[in-house]
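Peer 1: Sharing a structure, written as structure tokens. Questions coming.
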Amino acid sequence: MYVKICGLREPEHVTAAVEAGADAIGYVLTRSPRRITPARARELASTVPAHVLTVAVFAGETPEEIRAAALEAGVRAVQLHGDHPHDDFTALKDLDLTLIRAGAAGADLRCGAFDEDLLIVDAPRPGSGQPWDWAAVRGRPAGRWMLAGGLDPSNVAEAIAAARPWGVDVSSGVEVAPGVKDAGLIRSFVTAARAAG
Ligand SMILES: O=C(O)c1ccccc1NCC(=O)[C@H](O)[C@H](O)COP(=O)(O)O
């Protein structure tokens with residue numbers, strides 16, 4: 001089970017995620033209580049070992065803005081959340097970064113449909129921590145796809161059983177307040193997801 005922890009802002013939470021065995025770590029570079037600057041993302045990403053994917057998250061920015069911020073942040077992947085057209089992914093292809101497409105269950109659920117490498121199937125409001133009907137997508141997404149939206153250490157096993165994803169992605173469920181992560185919750189989430197997967 002591939003595990004991504006999103007919305008990290010502090011070095012101790014990056015360390016907790018890496019030590020717990022997370023596969024990917026996300027930095028939100030778009031409008032959000034979790035937003036950080038590309039410079040801060042670079043600082044946080046600089047300590048992350050090469051086997052962990054560092055991801056810059058965007059929603060609605062232009063390919064030029066995404067390109068500039070991703071290069072400044074020095075990440076290994078970009079995540080385009082919401083209604084980004086196929087052309088935006090094509091425009092970023094030459095960056096040679098992992099491309100992640102993220103959206104709600106109404107979108108095209110075939111990973112690779114927009115030339116992306118990974119797909120995230122999320123709640124309608126990203127980063128809201130709201131659980132949704134995970135079982136509704138069971139058997140529908142194809143390829144390397146992560147389930148997100150309202151996951152936490154106590155429900156991730158149930159969510160995995162319901163949707164049968166390739167991976168899981170969490171933000172609010174490992175926080176004690178919006179944008180404030182908790183190292184213990186991060187560890188518990190990774191452990192629970194791995195045990196269930
Ligand atoms: O986290 C945000 O605030 C956010 C804002 C705008 C676009 C994307 C955002 N988060 C992206 C993620 O990958 C979250 O992990 C995912 O939406 C799950 O969130 P949650 O339900 O809080 O676990």
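Just remember, in the structure tokens the first chain shown is A, the second B, etc., residues are 1-based per chain, and ligands are 1-based in the order shown.
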Please provide the set of residues having any atom within 9 Å of A:Val170, restricted to only C-alpha atoms, with same-chain residues fewer than 6 positions apart removed, written as a tab-separated table (two decimals) with N, CA and C atoms, in the first residue's frame.
Peer 2:
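Result file is selection-v3.tsv:
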chain	number	residue	atom	x	y	z
A	3	VAL	N	1.69	5.07	0.52
A	3	VAL	CA	1.14	6.02	1.49
A	3	VAL	C	1.73	7.41	1.28
A	4	LYS	N	0.84	8.39	1.08
A	4	LYS	CA	1.26	9.80	0.92
A	4	LYS	C	0.69	10.61	2.08
A	5	ILE	N	1.56	11.41	2.68
A	5	ILE	CA	1.14	12.33	3.74
A	5	ILE	C	1.24	13.74	3.16
A	6	CYS	N	0.15	14.47	3.18
A	6	CYS	CA	0.10	15.75	2.47
A	6	CYS	C	-0.01	16.95	3.43
A	7	GLY	N	0.42	18.10	2.95
A	7	GLY	CA	0.24	19.34	3.71
A	7	GLY	C	1.24	19.53	4.83
A	127	GLY	N	-8.66	18.50	0.96
A	127	GLY	CA	-8.12	18.99	2.23
A	127	GLY	C	-9.18	19.33	3.26
A	129	GLY	N	-11.04	17.09	4.93
A	129	GLY	CA	-11.15	16.06	5.97
A	129	GLY	C	-12.51	15.38	5.99
A	147	LEU	N	-6.54	6.66	-2.86
A	147	LEU	CA	-7.79	7.12	-2.28
A	147	LEU	C	-7.48	8.24	-1.29
A	148	ALA	N	-8.27	9.32	-1.31
A	148	ALA	CA	-8.08	10.43	-0.36
A	148	ALA	C	-9.45	10.98	0.03
A	149	GLY	N	-9.45	11.76	1.11
A	149	GLY	CA	-10.69	12.42	1.52
A	149	GLY	C	-11.24	11.85	2.80
A	150	GLY	N	-10.91	12.50	3.91
A	150	GLY	CA	-11.48	12.12	5.19
A	150	GLY	C	-10.87	10.88	5.82
A	151	LEU	N	-9.70	10.48	5.32
A	151	LEU	CA	-9.04	9.31	5.92
A	151	LEU	C	-8.35	9.71	7.22
A	152	ASP	N	-8.27	8.77	8.16
A	152	ASP	CA	-7.50	9.00	9.39
A	152	ASP	C	-7.05	7.64	9.92
A	189	PHE	N	-1.11	6.54	11.24
A	189	PHE	CA	-1.74	6.41	9.93
A	189	PHE	C	-0.94	5.46	9.04
Peer 1: Can you pull out every residue with an atom within 8 Å of ligand 1? Use only C-alpha atoms and all ligand atoms and format it as a count of residues only.
Peer 2: 41
Peer 1: If DSSP is run on the backbone, what residues of stretch 16-133 of chain A are alpha helix (DSSP H)? A reply as a VMD selection string would be ideal.
Peer 2: chain A and resid 16 to 20 38 to 45 63 to 73 86 to 92
Peer 1: Based on the selection just made, write C-alpha atoms of those residues as a compact mmCIF listing (two decimals), in the first residue's frame.
Peer 2:
# COMPACT_ATOMS: atom_id res chain seq x y z
CA ALA A 16 8.05 11.62 11.36
CA ALA A 17 6.57 10.77 7.95
CA VAL A 18 9.91 9.58 6.52
CA GLU A 19 10.76 7.53 9.62
CA ALA A 20 7.27 5.99 9.65
CA PRO A 38 8.24 27.29 -2.62
CA ALA A 39 11.32 28.36 -0.64
CA ARG A 40 9.97 26.71 2.50
CA ALA A 41 9.11 23.58 0.50
CA ARG A 42 12.71 23.47 -0.77
CA GLU A 43 13.99 23.70 2.80
CA LEU A 44 11.71 20.84 3.89
CA ALA A 45 12.42 18.73 0.78
CA PRO A 63 1.46 25.67 -16.16
CA GLU A 64 3.98 28.54 -16.14
CA GLU A 65 3.25 29.30 -12.46
CA ILE A 66 3.42 25.60 -11.59
CA ARG A 67 6.70 25.16 -13.46
CA ALA A 68 8.35 28.13 -11.71
CA ALA A 69 7.16 27.13 -8.23
CA ALA A 70 8.04 23.43 -8.66
CA LEU A 71 11.54 24.25 -9.84
CA GLU A 72 12.05 26.68 -6.98
CA ALA A 73 10.79 24.08 -4.49
CA HIS A 86 -5.04 17.61 -20.27
CA ASP A 87 -3.01 20.42 -21.91
CA ASP A 88 -1.66 21.49 -18.48
CA PHE A 89 -0.15 18.04 -17.97
CA THR A 90 1.26 18.05 -21.50
CA ALA A 91 2.82 21.46 -20.86
CA LEU A 92 4.64 20.13 -17.80
Peer 1: Go through chain A and collect every residue that DSSP, computed from the backbone, puts in strand (DSSP E or B); the answer should be as an NGL selection string.
Peer 2: :A and (2-5 or 24-28 or 53-58 or 77-81 or 98-104 or 110 or 118-122 or 142 or 145-148 or 167-170 or 175-177 or 180-181)
Peer 1: What is the distance, in Å and to one decimal place, between atom CA of A:Val78 and atom CA of A:Leu95?
Peer 2: 9.8 Å
Peer 1: List as a list in words the protein and nucleic acid residues near A:Thr15, meaning an atom at most 12 Å away when only C-alpha atoms are counted, but skip any in the same chain fewer than 3 places from it.
Peer 2: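 Returned residues: Ile5, Leu8, Arg9, Glu10, Pro11, Glu12, Val18, Glu19, Ala20, Gly21, Ala22, Ile25, Leu44, Ala45, Ser46, Thr47, Val48, Pro49, Val52, Lys181, Asp182, Ala183, Gly184, Ile186 and Arg187 of chain A.
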Peer 1: Write the residues of the preceding selection, restricted to C-alpha atoms, as a PDB file, in the first residue's frame.
Peer 2:
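Writing the result to again_0.pdb gives the following:
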ATOM      1  CA  ILE A   5       1.142  12.332   3.745  1.00  0.00           C
ATOM      2  CA  LEU A   8       3.481  19.152   5.702  1.00  0.00           C
ATOM      3  CA  ARG A   9       4.901  22.435   6.977  1.00  0.00           C
ATOM      4  CA  GLU A  10       7.334  21.599   9.774  1.00  0.00           C
ATOM      5  CA  PRO A  11      10.632  19.635   9.698  1.00  0.00           C
ATOM      6  CA  GLU A  12       9.648  17.392  12.617  1.00  0.00           C
ATOM      7  CA  VAL A  18       9.908   9.582   6.518  1.00  0.00           C
ATOM      8  CA  GLU A  19      10.757   7.530   9.622  1.00  0.00           C
ATOM      9  CA  ALA A  20       7.269   5.994   9.654  1.00  0.00           C
ATOM     10  CA  GLY A  21       7.864   4.791   6.092  1.00  0.00           C
ATOM     11  CA  ALA A  22       5.706   7.144   4.006  1.00  0.00           C
ATOM     12  CA  ILE A  25       5.210  13.755   1.165  1.00  0.00           C
ATOM     13  CA  LEU A  44      11.714  20.839   3.892  1.00  0.00           C
ATOM     14  CA  ALA A  45      12.425  18.731   0.785  1.00  0.00           C
ATOM     15  CA  SER A  46      16.182  19.034   1.144  1.00  0.00           C
ATOM     16  CA  THR A  47      16.271  16.527   4.022  1.00  0.00           C
ATOM     17  CA  VAL A  48      14.034  13.915   2.398  1.00  0.00           C
ATOM     18  CA  PRO A  49      15.797  10.748   1.158  1.00  0.00           C
ATOM     19  CA  VAL A  52      10.514   9.294  -0.834  1.00  0.00           C
ATOM     20  CA  LYS A 181       0.174  18.037  11.895  1.00  0.00           C
ATOM     21  CA  ASP A 182       0.823  15.572  14.709  1.00  0.00           C
ATOM     22  CA  ALA A 183       3.786  13.180  14.562  1.00  0.00           C
ATOM     23  CA  GLY A 184       1.947  10.456  16.509  1.00  0.00           C
ATOM     24  CA  ILE A 186       1.309  10.416  11.140  1.00  0.00           C
ATOM     25  CA  ARG A 187       2.960   7.282  12.549  1.00  0.00           C
TER      26      ARG A 187
END
Peer 1: Leaving out A:Arg76 and any residue of its chain fewer than 4 positions from it, which residues lie within 6 Å of it when counting only C-alpha atoms, given as a ChimeraX atom specification?
Peer 2: /A:53-54,97
